[in-house]
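Dumped data01.pdb below, it's PDB, C-alpha atoms:
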ATOM      1  CA  MET G   1     115.624 108.303  55.700
ATOM      2  CA  THR G   2     114.361 111.892  55.774
ATOM      3  CA  PHE G   3     116.690 114.880  55.859
ATOM      4  CA  LEU G   4     115.749 118.427  56.890
ATOM      5  CA  THR G   5     117.617 120.902  54.722
ATOM      6  CA  LEU G   6     117.930 124.687  54.835
ATOM      7  CA  ASN G   7     118.345 126.409  51.494
ATOM      8  CA  CYS G   8     119.992 129.821  51.359
ATOM      9  CA  ALA G   9     120.091 131.816  48.157
ATOM     10  CA  LEU G  10     123.362 133.390  49.164
ATOM     11  CA  LEU G  11     125.998 131.931  51.455
ATOM     12  CA  ALA G  12     126.612 135.412  52.812
ATOM     13  CA  ALA G  13     122.994 135.642  53.935
ATOM     14  CA  CYS G  14     123.320 132.371  55.857
ATOM     15  CA  ASN G  15     126.503 133.574  57.510
ATOM     16  CA  GLN G  16     124.794 136.792  58.549
ATOM     17  CA  LEU G  17     121.828 134.945  60.064
ATOM     18  CA  PHE G  18     123.801 132.264  61.883
ATOM     19  CA  GLN G  19     127.064 133.962  62.707
ATOM     20  CA  PRO G  20     128.327 132.397  65.957
ATOM     21  CA  PHE G  21     129.227 134.542  68.927
ATOM     22  CA  ALA G  22     131.191 134.073  72.134
ATOM     23  CA  THR G  23     130.931 135.916  75.422
ATOM     24  CA  SER G  24     133.315 136.478  78.288
ATOM     25  CA  CYS G  25     133.249 138.418  81.538
ATOM     26  CA  GLY G  26     135.905 139.185  84.094
ATOM     27  CA  THR G  27     134.853 140.079  87.625
ATOM     28  CA  ASP G  28     136.769 142.264  90.086
ATOM     29  CA  ASP G  29     140.160 140.566  90.670
ATOM     30  CA  GLN G  30     139.915 138.789  87.310
ATOM     31  CA  ILE G  31     140.311 142.157  85.551
ATOM     32  CA  SER G  32     143.755 143.539  84.815
ATOM     33  CA  ALA G  33     145.000 146.168  87.249
ATOM     34  CA  HIS G  34     145.150 148.761  84.460
ATOM     35  CA  ASP G  35     141.573 148.232  83.257
ATOM     36  CA  HIS G  36     140.309 148.015  86.831
ATOM     37  CA  ALA G  37     141.953 151.276  87.833
ATOM     38  CA  ILE G  38     140.889 153.339  84.835
ATOM     39  CA  THR G  39     137.259 152.162  84.700
ATOM     40  CA  ASP G  40     136.843 152.674  88.447
ATOM     41  CA  MET G  41     138.361 156.143  88.175
ATOM     42  CA  VAL G  42     136.029 157.152  85.319
ATOM     43  CA  ALA G  43     132.962 155.802  87.133
ATOM     44  CA  THR G  44     133.827 157.394  90.473
ATOM     45  CA  SER G  45     134.520 160.762  88.840
ATOM     46  CA  PHE G  46     131.211 160.588  86.964
ATOM     47  CA  VAL G  47     129.151 159.939  90.114
ATOM     48  CA  ARG G  48     130.955 162.617  92.126
ATOM     49  CA  GLU G  49     130.293 165.168  89.400
ATOM     50  CA  ALA G  50     126.659 164.056  89.037
ATOM     51  CA  LEU G  51     126.155 164.534  92.786
ATOM     52  CA  GLY G  52     127.996 167.852  92.782
ATOM     53  CA  PRO G  53     126.825 171.421  92.142
ATOM     54  CA  ASN G  54     127.170 171.032  88.352
ATOM     55  CA  PRO G  55     125.775 167.640  87.218
ATOM     56  CA  GLU G  56     126.093 168.737  83.586
ATOM     57  CA  THR G  57     129.845 168.143  83.962
ATOM     58  CA  ALA G  58     129.129 164.429  84.352
ATOM     59  CA  TYR G  59     126.765 164.519  81.372
ATOM     60  CA  SER G  60     129.633 165.613  79.137
ATOM     61  CA  ASN G  61     131.180 162.162  79.633
ATOM     62  CA  PHE G  62     128.156 160.363  78.138
ATOM     63  CA  THR G  63     128.612 158.528  74.847
ATOM     64  CA  ALA G  64     127.119 160.120  71.741
ATOM     65  CA  GLU G  65     124.399 157.440  71.749
ATOM     66  CA  ALA G  66     123.555 158.093  75.396
ATOM     67  CA  LYS G  67     123.202 161.822  74.697
ATOM     68  CA  GLU G  68     120.694 161.028  71.954
ATOM     69  CA  GLY G  69     118.565 159.182  74.498
ATOM     70  CA  VAL G  70     118.546 161.775  77.278
ATOM     71  CA  SER G  71     119.034 165.533  77.164
ATOM     72  CA  ALA G  72     121.396 167.426  79.431
ATOM     73  CA  GLU G  73     118.422 169.177  81.032
ATOM     74  CA  LYS G  74     116.682 165.897  81.853
ATOM     75  CA  PHE G  75     119.914 164.436  83.238
ATOM     76  CA  VAL G  76     120.456 167.431  85.526
ATOM     77  CA  VAL G  77     116.875 167.309  86.805
ATOM     78  CA  MET G  78     117.213 163.594  87.536
ATOM     79  CA  PHE G  79     120.410 163.933  89.548
ATOM     80  CA  LYS G  80     119.200 167.051  91.329
ATOM     81  CA  GLY G  81     116.384 164.821  92.545
ATOM     82  CA  VAL G  82     118.887 162.187  93.673
ATOM     83  CA  GLN G  83     120.867 164.834  95.526
ATOM     84  CA  GLN G  84     117.808 165.603  97.634
ATOM     85  CA  MET G  85     118.096 162.098  99.094
ATOM     86  CA  GLY G  86     121.570 162.952 100.445
ATOM     87  CA  PRO G  87     123.954 164.087 101.654
ATOM     88  CA  PHE G  88     125.984 161.112 100.470
ATOM     89  CA  LYS G  89     129.227 159.924 101.982
ATOM     90  CA  ASP G  90     131.745 157.104 101.598
ATOM     91  CA  LEU G  91     131.364 156.760  97.825
ATOM     92  CA  ARG G  92     133.180 153.594  96.798
ATOM     93  CA  VAL G  93     133.397 150.987  94.042
ATOM     94  CA  VAL G  94     132.005 147.624  95.171
ATOM     95  CA  HIS G  95     132.141 145.605  91.928
ATOM     96  CA  THR G  96     133.598 145.925  88.452
ATOM     97  CA  TYR G  97     132.770 143.701  85.480
ATOM     98  CA  LEU G  98     134.550 143.645  82.104
ATOM     99  CA  ALA G  99     132.370 141.876  79.536
ATOM    100  CA  GLN G 100     132.736 141.244  75.808
ATOM    101  CA  VAL G 101     130.753 139.722  72.952
ATOM    102  CA  THR G 102     132.772 138.570  69.959
ATOM    103  CA  GLY G 103     131.052 137.568  66.732
ATOM    104  CA  GLY G 104     127.356 137.878  66.076
ATOM    105  CA  ALA G 105     125.570 141.101  65.269
ATOM    106  CA  GLN G 106     123.193 141.523  68.199
ATOM    107  CA  ALA G 107     123.572 142.563  71.802
ATOM    108  CA  GLN G 108     123.860 139.644  74.181
ATOM    109  CA  ARG G 109     123.362 139.190  77.912
ATOM    110  CA  VAL G 110     126.585 138.019  79.540
ATOM    111  CA  VAL G 111     126.800 136.240  82.890
ATOM    112  CA  CYS G 112     129.542 137.398  85.251
ATOM    113  CA  GLY G 113     130.525 135.516  88.385
ATOM    114  CA  ASN G 114     129.747 132.121  89.904
ATOM    115  CA  LEU G 115     126.460 130.544  88.822
ATOM    116  CA  SER G 116     126.501 128.069  91.718
ATOM    117  CA  LYS G 117     124.776 130.582  94.014
ATOM    118  CA  PRO G 118     122.415 133.448  93.069
ATOM    119  CA  GLU G 119     124.160 136.074  95.192
ATOM    120  CA  ALA G 120     127.470 135.435  93.404
ATOM    121  CA  TRP G 121     126.540 136.358  89.816
ATOM    122  CA  VAL G 122     125.049 139.111  87.705
ATOM    123  CA  ALA G 123     123.939 139.284  84.075
ATOM    124  CA  VAL G 124     124.803 142.333  81.976
ATOM    125  CA  ASN G 125     123.924 143.525  78.481
ATOM    126  CA  THR G 126     126.853 143.893  76.130
ATOM    127  CA  LYS G 127     127.026 145.033  72.529
ATOM    128  CA  PRO G 128     129.259 143.174  70.058
ATOM    129  CA  GLY G 129     132.713 144.669  69.725
ATOM    130  CA  PRO G 130     135.257 145.933  72.235
ATOM    131  CA  ALA G 131     135.066 144.947  75.886
ATOM    132  CA  GLN G 132     132.691 147.077  77.937
ATOM    133  CA  ALA G 133     132.674 147.647  81.668
ATOM    134  CA  TYR G 134     130.026 147.788  84.356
ATOM    135  CA  VAL G 135     131.024 149.551  87.551
ATOM    136  CA  VAL G 136     128.831 149.359  90.633
ATOM    137  CA  LEU G 137     129.344 151.998  93.308
ATOM    138  CA  GLU G 138     127.709 152.578  96.682
ATOM    139  CA  ALA G 139     127.312 155.638  98.879
ATOM    140  CA  GLN G 140     125.697 156.063 102.256
ATOM    141  CA  ALA G 141     122.747 158.396 102.840
ATOM    142  CA  LEU G 142     120.945 159.022 106.135
ATOM    143  CA  ASN G 143     118.804 155.872 106.240
ATOM    144  CA  ASN G 144     119.733 154.102 103.010
ATOM    145  CA  THR G 145     122.581 152.811 100.940
ATOM    146  CA  TRP G 146     122.424 154.126  97.390
ATOM    147  CA  THR G 147     123.798 152.127  94.475
ATOM    148  CA  PHE G 148     125.025 153.608  91.210
ATOM    149  CA  VAL G 149     125.374 151.334  88.164
ATOM    150  CA  LEU G 150     127.400 152.641  85.215
ATOM    151  CA  TRP G 151     127.768 150.970  81.838
ATOM    152  CA  LEU G 152     131.042 152.157  80.287
ATOM    153  CA  MET G 153     131.988 151.833  76.627
ATOM    154  CA  PRO G 154     135.148 152.831  74.765
ATOM    155  CA  GLU G 155     134.595 155.803  72.476
ATOM    156  CA  ALA G 156     137.304 157.792  70.680
ATOM    157  CA  GLY G 157     139.989 156.133  72.774
ATOM    158  CA  GLN G 158     138.337 156.921  76.130
ATOM    159  CA  TRP G 159     135.908 155.222  78.478
ATOM    160  CA  ARG G 160     132.555 156.970  78.387
ATOM    161  CA  VAL G 161     129.208 156.339  80.072
ATOM    162  CA  GLU G 162     126.559 154.581  78.005
ATOM    163  CA  TYR G 163     124.005 154.379  80.834
ATOM    164  CA  SER G 164     123.712 155.315  84.512
ATOM    165  CA  GLN G 165     121.314 154.090  87.185
ATOM    166  CA  ALA G 166     120.883 155.402  90.739
ATOM    167  CA  GLN G 167     118.585 154.088  93.451
ATOM    168  CA  ALA G 168     118.320 153.225  97.140
ATOM    169  CA  THR G 169     119.207 149.563  97.707
ATOM    170  CA  THR G 170     118.942 149.177 101.483
ATOM    171  CA  ILE G 171     116.602 150.393 104.215
ATOM    172  CA  VAL G 172     118.482 150.992 107.487
ATOM    173  CA  ASP G 173     121.087 148.418 106.374
ATOM    174  CA  GLU G 174     118.482 145.816 105.371
ATOM    175  CA  THR G 175     119.198 144.496 101.873
ATOM    176  CA  ALA G 176     116.811 142.959  99.336
ATOM    177  CA  GLU G 177     117.683 139.505 100.683
ATOM    178  CA  ASP G 178     117.005 140.663 104.249
ATOM    179  CA  LEU G 179     113.621 142.055 103.238
ATOM    180  CA  GLN G 180     112.800 138.814 101.424
ATOM    181  CA  ARG G 181     113.538 136.818 104.583
ATOM    182  CA  MET G 182     111.388 139.208 106.612
ATOM    183  CA  ALA G 183     108.578 138.859 104.070
ATOM    184  CA  GLU G 184     108.693 135.056 104.196
ATOM    185  CA  SER G 185     108.568 135.166 107.999
ATOM    186  CA  GLU G 186     105.486 137.413 107.868
ATOM    187  CA  LEU G 187     103.756 135.167 105.338
ATOM    188  CA  GLN G 188     104.344 132.152 107.569
ATOM    189  CA  GLU G 189     102.516 134.057 110.314
ATOM    190  CA  ASN G 190      99.644 134.741 107.870
ATOM    191  CA  HIS G 191     100.479 138.452 107.967
ATOM    192  CA  ASN G 192      99.786 138.730 104.252
ATOM    193  CA  PHE G 193      99.714 142.547 104.127
ATOM    194  CA  ASN G 194     103.151 142.766 105.734
ATOM    195  CA  GLY G 195     104.546 140.009 103.524
ATOM    196  CA  PHE G 196     103.257 141.609 100.337
ATOM    197  CA  ILE G 197     104.651 145.046 101.231
ATOM    198  CA  LEU G 198     108.049 143.629 102.210
ATOM    199  CA  TYR G 199     108.278 141.490  99.079
ATOM    200  CA  ALA G 200     107.441 144.506  96.903
ATOM    201  CA  ALA G 201     110.227 146.431  98.633
ATOM    202  CA  ALA G 202     112.653 143.506  98.238
ATOM    203  CA  LEU G 203     111.954 143.399  94.503
ATOM    204  CA  GLN G 204     112.525 147.139  94.224
ATOM    205  CA  MET G 205     115.778 146.930  96.218
ATOM    206  CA  ALA G 206     117.027 144.077  94.010
ATOM    207  CA  ALA G 207     116.585 146.057  90.785
ATOM    208  CA  ARG G 208     119.696 147.483  89.131
ATOM    209  CA  GLY G 209     118.164 148.941  85.990
ATOM    210  CA  PRO G 210     117.456 147.355  82.594
ATOM    211  CA  PHE G 211     121.029 146.372  81.738
ATOM    212  CA  LEU G 212     122.353 144.686  84.917
ATOM    213  CA  GLN G 213     120.450 141.966  86.742
ATOM    214  CA  LEU G 214     121.394 140.510  90.104
ATOM    215  CA  GLY G 215     121.254 136.742  90.358
ATOM    216  CA  ILE G 216     118.821 137.008  93.270
ATOM    217  CA  GLN G 217     116.259 139.070  91.337
ATOM    218  CA  PRO G 218     114.469 136.297  89.363
ATOM    219  CA  GLU G 219     113.628 134.327  92.506
ATOM    220  CA  ILE G 220     112.291 137.397  94.323
ATOM    221  CA  GLN G 221     110.273 138.451  91.285
ATOM    222  CA  LYS G 222     108.755 134.989  90.785
ATOM    223  CA  ARG G 223     107.756 134.737  94.447
ATOM    224  CA  PHE G 224     106.242 138.216  94.443
ATOM    225  CA  GLU G 225     104.260 137.601  91.262
ATOM    226  CA  ASN G 226     102.715 134.522  92.888
ATOM    227  CA  LEU G 227     101.436 136.528  95.854
ATOM    228  CA  LYS G 228      97.848 137.696  95.937
ATOM    229  CA  PRO G 229      97.679 141.454  96.614
ATOM    230  CA  PRO G 230      95.849 142.248  99.852
ATOM    231  CA  PRO G 231      92.533 144.124  99.710
ATOM    232  CA  GLY G 232      93.112 147.771  98.910
ATOM    233  CA  LEU G 233      96.244 147.188  96.834
ATOM    234  CA  THR G 234      94.763 145.855  93.609
ATOM    235  CA  GLY G 235      94.685 147.895  90.440
ATOM    236  CA  GLN G 236      96.404 151.231  90.122
ATOM    237  CA  PRO G 237      96.688 154.080  92.651
ATOM    238  CA  PRO G 238      95.043 156.030  94.033
ATOM    239  CA  PHE G 239      93.569 153.136  96.023
ATOM    240  CA  ASP G 240      90.171 153.593  97.632
ATOM    241  CA  TRP G 241      90.539 152.302 101.178
ATOM    242  CA  LYS G 242      87.238 151.867 102.974
ATOM    243  CA  LEU G 243      88.165 151.544 106.646
ATOM    244  CA  GLY G 244      85.068 152.914 108.309
ATOM    245  CA  GLN G 245      85.612 155.975 106.151
ATOM    246  CA  SER G 246      87.206 156.336 102.729
ATOM    247  CA  PHE G 247      90.858 157.207 102.200
ATOM    248  CA  SER G 248      92.508 157.951  98.851
ATOM    249  CA  VAL G 249      95.881 156.181  99.167
ATOM    250  CA  LEU G 250      98.645 157.066  96.743
ATOM    251  CA  ASN G 251     101.440 154.808  97.922
ATOM    252  CA  VAL G 252     102.355 152.281 100.625
ATOM    253  CA  GLY G 253     105.800 150.973 101.506
ATOM    254  CA  PRO G 254     108.545 150.695 104.107
ATOM    255  CA  ILE G 255     110.709 153.653 105.081
ATOM    256  CA  GLY G 256     113.749 153.912 107.330
ATOM    257  CA  VAL G 257     113.449 156.205 110.339
ATOM    258  CA  GLY G 258     116.423 156.232 112.689
ATOM    259  CA  GLN G 259     117.420 152.582 112.958
ATOM    260  CA  ASP G 260     113.945 151.136 112.427
ATOM    261  CA  ILE G 261     111.641 150.341 109.527
ATOM    262  CA  TYR G 262     108.291 152.136 109.551
ATOM    263  CA  LEU G 263     105.295 151.721 107.264
ATOM    264  CA  MET G 264     104.731 154.792 105.110
ATOM    265  CA  ILE G 265     101.259 155.555 103.756
ATOM    266  CA  ASP G 266     100.724 158.487 101.398
ATOM    267  CA  GLN G 267      97.179 159.781 101.125
ATOM    268  CA  GLN G 268      95.521 162.492  99.079
ATOM    269  CA  ILE G 269      93.185 164.895 100.871
ATOM    270  CA  GLY G 270      91.400 168.125 100.081
ATOM    271  CA  PRO G 271      92.944 171.536 100.795
ATOM    272  CA  TRP G 272      93.414 172.324 104.484
ATOM    273  CA  THR G 273      93.246 175.619 106.347
ATOM    274  CA  ASP G 274      96.168 174.867 108.663
ATOM    275  CA  ASP G 275      98.487 171.958 109.412
ATOM    276  CA  LYS G 276      96.279 170.795 112.268
ATOM    277  CA  GLY G 277      93.669 169.790 109.708
ATOM    278  CA  ALA G 278      96.169 167.708 107.723
ATOM    279  CA  ASP G 279      97.531 166.163 110.911
ATOM    280  CA  GLN G 280      94.021 165.174 111.980
ATOM    281  CA  LYS G 281      93.410 163.465 108.618
ATOM    282  CA  ASN G 282      96.683 161.570 109.015
ATOM    283  CA  HIS G 283      95.744 160.433 112.505
ATOM    284  CA  GLU G 284      92.357 159.262 111.234
ATOM    285  CA  LEU G 285      94.116 157.156 108.592
ATOM    286  CA  ILE G 286      96.616 155.743 111.095
ATOM    287  CA  THR G 287      93.875 154.794 113.566
ATOM    288  CA  ALA G 288      91.668 153.200 110.922
ATOM    289  CA  PHE G 289      94.564 151.240 109.403
ATOM    290  CA  SER G 290      95.849 150.095 112.808
ATOM    291  CA  ASN G 291      92.406 148.754 113.699
ATOM    292  CA  ALA G 292      92.075 146.932 110.364
ATOM    293  CA  TYR G 293      95.641 145.541 110.305
ATOM    294  CA  PRO G 294      96.918 145.289 113.881
ATOM    295  CA  GLU G 295      99.517 142.754 112.706
ATOM    296  CA  TYR G 296     101.482 145.534 111.002
ATOM    297  CA  ARG G 297     103.176 146.060 114.384
ATOM    298  CA  HIS G 298     104.887 142.696 113.980
ATOM    299  CA  ALA G 299     107.027 144.020 111.116
ATOM    300  CA  PHE G 300     107.061 147.812 111.452
ATOM    301  CA  ALA G 301     108.076 150.155 114.261
ATOM    302  CA  GLY G 302     105.297 152.612 113.507
ATOM    303  CA  ILE G 303     103.466 154.449 110.754
ATOM    304  CA  VAL G 304     104.456 157.514 108.783
ATOM    305  CA  ALA G 305     101.341 159.022 107.204
ATOM    306  CA  ARG G 306     101.840 161.772 104.632
ATOM    307  CA  ALA G 307      99.002 163.968 103.428
ATOM    308  CA  HIS G 308      99.216 165.440  99.913
ATOM    309  CA  GLU G 309      96.947 168.286  98.913
ATOM    310  CA  ARG G 310      94.589 167.483  96.066
ATOM    311  CA  GLY G 311      95.095 170.074  93.348
ATOM    312  CA  GLY G 312      98.018 171.673  95.192
ATOM    313  CA  ASP G 313     101.618 171.018  96.133
ATOM    314  CA  ARG G 314     101.469 171.062  99.937
ATOM    315  CA  GLY G 315     102.309 168.045 102.059
ATOM    316  CA  TYR G 316     102.234 167.205 105.749
ATOM    317  CA  GLY G 317     103.675 164.188 107.575
ATOM    318  CA  THR G 318     102.621 162.550 110.820
ATOM    319  CA  VAL G 319     104.638 159.871 112.647
ATOM    320  CA  VAL G 320     103.138 157.494 115.184
ATOM    321  CA  GLU G 321     105.362 154.941 116.903
ATOM    322  CA  ASN G 322     104.166 151.611 118.227
ATOM    323  CA  ASP G 323     103.836 151.191 121.966
ATOM    324  CA  LYS G 324     106.419 148.423 121.793
ATOM    325  CA  PRO G 325     109.502 148.190 119.561
ATOM    326  CA  SER G 326     109.059 146.238 116.344
ATOM    327  CA  LYS G 327     110.349 142.701 116.104
TER
END
Could the structure of this file be written out as structure tokens, please?
Amino acid sequence: MTFLTLNCALLAACNQLFQPFATSCGTDDQISAHDHAITDMVATSFVREALGPNPETAYSNFTAEAKEGVSAEKFVVMFKGVQQMGPFKDLRVVHTYLAQVTGGAQAQRVVCGNLSKPEAWVAVNTKPGPAQAYVVLEAQALNNTWTFVLWLMPEAGQWRVEYSQAQATTIVDETAEDLQRMAESELQENHNFNGFILYAAALQMAARGPFLQLGIQPEIQKRFENLKPPPGLTGQPPFDWKLGQSFSVLNVGPIGVGQDIYLMIDQQIGPWTDDKGADQKNHELITAFSNAYPEYRHAFAGIVARAHERGGDRGYGTVVENDKPSK
């Protein structure tokens, strides 16, 4: 009989290498009323201050480690950019998670919620030690819902922010799951351009930063990675679109306008004398794209073309609606 043995020079070294750990996570109503109330209050106050006239007030509630990773100046610039997507209203907490790793010496990913269905669980990063909280808030902008994810850690007897994430997570009330369903419908119709664009948007809407993962994200990511990019969207931007004439395309994606989803195409053009010149270039792009991909009308209500000046900072947008409402 053969035995496999592991020799350790010091028992302490073995214990350090193979120290067991345990994880736990309470979700929403599973959290004590006291912890729920105080973490939600800290998170809500942080986001309100970050979206206010003095974002540096929110920065003061970062942990010491978080401040080492991002300066106050960078934080202010970031949230000033977020503020431009507003105004925001109806800020509210939608989920709270209280996770803990006991034992071990490394950070672990902890699952919170019900694993029986992807939409009912999340996975969060947690460092060994005291329980840490994740608070997810939402606020409504003009055409999008914005989600704010905060990782809270206890420091000097108070909850402080270890990490914050802010991004749009719906387009005119369509969630990542809605966009995924739309993408699958387009792919079944062999509208591969539409399906690819909608899947890319679904993946972006499902993201919640590097430390919190929605249960639906792996499926969306796997499906997207198995899609073949349509012509003109391979490699890195700017893309060289040859549609009768050449267009330098910087970005393509869906955008909410009113209550509908439009296709937005950003292009780079040379300096223009007046806005009529930029508008003409946008119309040329819209016409050429519409002729090459008439099926775009099946998924989008129209096209928003935006011209960006090469070597300058000017921009000009042109909106063309479809003759008939989108599906």
Q.
I'd like the residues picked by the PyMOL selection byres ((chain G and resi 293) around 12) written out as a list in words, using the chain letters and numbers from the file.
A.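 With the shown file as input, the PyMOL selection byres ((chain G and resi 293) around 12) matches Asn190, His191, Asn192, Phe193, Asn194, Pro230, Pro231, Gly232, Leu243, Leu263, Leu285, Ile286, Thr287, Ala288, Phe289, Ser290, Asn291, Ala292, Pro294, Glu295, Tyr296, Arg297, His298, Ala299, Phe300 and Ile303 of chain G.
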Dump as an mmCIF file, in the frame of the given file, selection limited to C-alpha atoms:
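The resulting part_10.cif:
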data_model
loop_
_atom_site.group_PDB
_atom_site.id
_atom_site.type_symbol
_atom_site.label_atom_id
_atom_site.label_comp_id
_atom_site.auth_asym_id
_atom_site.auth_seq_id
_atom_site.Cartn_x
_atom_site.Cartn_y
_atom_site.Cartn_z
ATOM 1 C CA ASN G 190 99.644 134.741 107.870
ATOM 2 C CA HIS G 191 100.479 138.452 107.967
ATOM 3 C CA ASN G 192 99.786 138.730 104.252
ATOM 4 C CA PHE G 193 99.714 142.547 104.127
ATOM 5 C CA ASN G 194 103.151 142.766 105.734
ATOM 6 C CA PRO G 230 95.849 142.248 99.852
ATOM 7 C CA PRO G 231 92.533 144.124 99.710
ATOM 8 C CA GLY G 232 93.112 147.771 98.910
ATOM 9 C CA LEU G 243 88.165 151.544 106.646
ATOM 10 C CA LEU G 263 105.295 151.721 107.264
ATOM 11 C CA LEU G 285 94.116 157.156 108.592
ATOM 12 C CA ILE G 286 96.616 155.743 111.095
ATOM 13 C CA THR G 287 93.875 154.794 113.566
ATOM 14 C CA ALA G 288 91.668 153.200 110.922
ATOM 15 C CA PHE G 289 94.564 151.240 109.403
ATOM 16 C CA SER G 290 95.849 150.095 112.808
ATOM 17 C CA ASN G 291 92.406 148.754 113.699
ATOM 18 C CA ALA G 292 92.075 146.932 110.364
ATOM 19 C CA PRO G 294 96.918 145.289 113.881
ATOM 20 C CA GLU G 295 99.517 142.754 112.706
ATOM 21 C CA TYR G 296 101.482 145.534 111.002
ATOM 22 C CA ARG G 297 103.176 146.060 114.384
ATOM 23 C CA HIS G 298 104.887 142.696 113.980
ATOM 24 C CA ALA G 299 107.027 144.020 111.116
ATOM 25 C CA PHE G 300 107.061 147.812 111.452
ATOM 26 C CA ILE G 303 103.466 154.449 110.754
#
Q: Scan for residues within 12 Å of the point (125.0, 151.5, 102.7) in the coordinates of the file, using only C-alpha atoms, and reply as a PyMOL selection string.
A: chain G and resi 88-92+94+137-148+167-175
Q) atom CA of Asn61 of chain G and atom CA of Phe46 of chain G are how many Å apart? A)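 Between atom CA of Asn61 of chain G and atom CA of Phe46 of chain G the gap works out to 7.5 Å.
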(Q) Can you pull out the residues contacting Asn282 of chain G? Cut-off 9 Å, using only C-alpha atoms, and skip same-chain residues under 6 positions away; I want them as an MDAnalysis selection string. (A) chainID G and resid 267 304:307 316:319
Next, write the just-selected residues to a file, as a JSON list (two decimals), in the frame of the given file, keeping C-alpha atoms as the atom set.
[["chain", "number", "residue", "atom", "x", "y", "z"],
["G", 267, "GLN", "CA", 97.18, 159.78, 101.12],
["G", 304, "VAL", "CA", 104.46, 157.51, 108.78],
["G", 305, "ALA", "CA", 101.34, 159.02, 107.20],
["G", 306, "ARG", "CA", 101.84, 161.77, 104.63],
["G", 307, "ALA", "CA", 99.00, 163.97, 103.43],
["G", 316, "TYR", "CA", 102.23, 167.20, 105.75],
["G", 317, "GLY", "CA", 103.68, 164.19, 107.58],
["G", 318, "THR", "CA", 102.62, 162.55, 110.82],
["G", 319, "VAL", "CA", 104.64, 159.87, 112.65]]
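Taking atom CA of Ser116 of chain G and atom CA of Glu219 of chain G as endpoints, the distance between them is 14.3 Å.
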Q. Just so the selection is clear, what residues does the PyMOL selection byres ((chain G and resi 311) around 8) cover here, as a ChimeraX atom specification?
A. /G:270-271,309-310,312-313
Q.
Using Å and a single decimal, report how far atom CA of Val70 of chain G sits from atom CA of Pro238 of chain G.
A.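 Atom CA of Val70 of chain G lies 29.4 Å from atom CA of Pro238 of chain G.
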Q | Nearest-residue call for Pro55 of chain G, choices G:Gln188, G:Gln165, G:Asn322, G:Gln83, using all atoms listed in the file | A |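 Among the listed residues, G:Gln83 lies closest to Pro55 of chain G.
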Q. What lies within 8 Å of segment 51-54 of chain G using only C-alpha atoms, ignoring chain neighbours under 4 positions off, as an NGL selection string?
A. :G and (47 or 58 or 79-80 or 82-83)
Q) Could you write out as a VMD selection string the residues that the PyMOL selection byres ((chain G and resi 208) around 10) matches in the shown file? A) chain G and resid 136 147 to 149 164 to 169 204 to 207 209 to 214 217
Q: Compare G:Gln259, G:Gln100, G:Ser45, G:Asn114 by their minimum atom-to-atom distance to Thr126 of chain G, counting all atoms listed in the file, and give me the closest one.
A: G:Gln100
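Protein, DNA and RNA residues at most 7 Å from (113.4, 141.7, 97.7), with all atoms listed in the file, are these: Ala176, Glu177, Leu179, Gln180, Tyr199, Ala200, Ala201, Ala202, Leu203, Gln204, Met205, Ala206 and Ile220 of chain G.
Distances from G:Glu56, G:Glu155, G:Asp240, G:Glu321 to Ala72 of chain G were compared using all atoms listed in the file, and the smallest one belongs to G:Glu56.
Among G:Ala156, G:Ala301, G:Val249, G:Leu187, the residue with the shortest atom-to-atom distance to Arg223 of chain G, counting only C-alpha atoms, is G:Leu187.
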Q) Taking into account only C-alpha atoms, which residue in the set G:Asn226, G:Thr44, G:Gln268, G:Asn125 is nearest to Val93 of chain G? A)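 Of all the options, G:Thr44 lies closest to Val93 of chain G.
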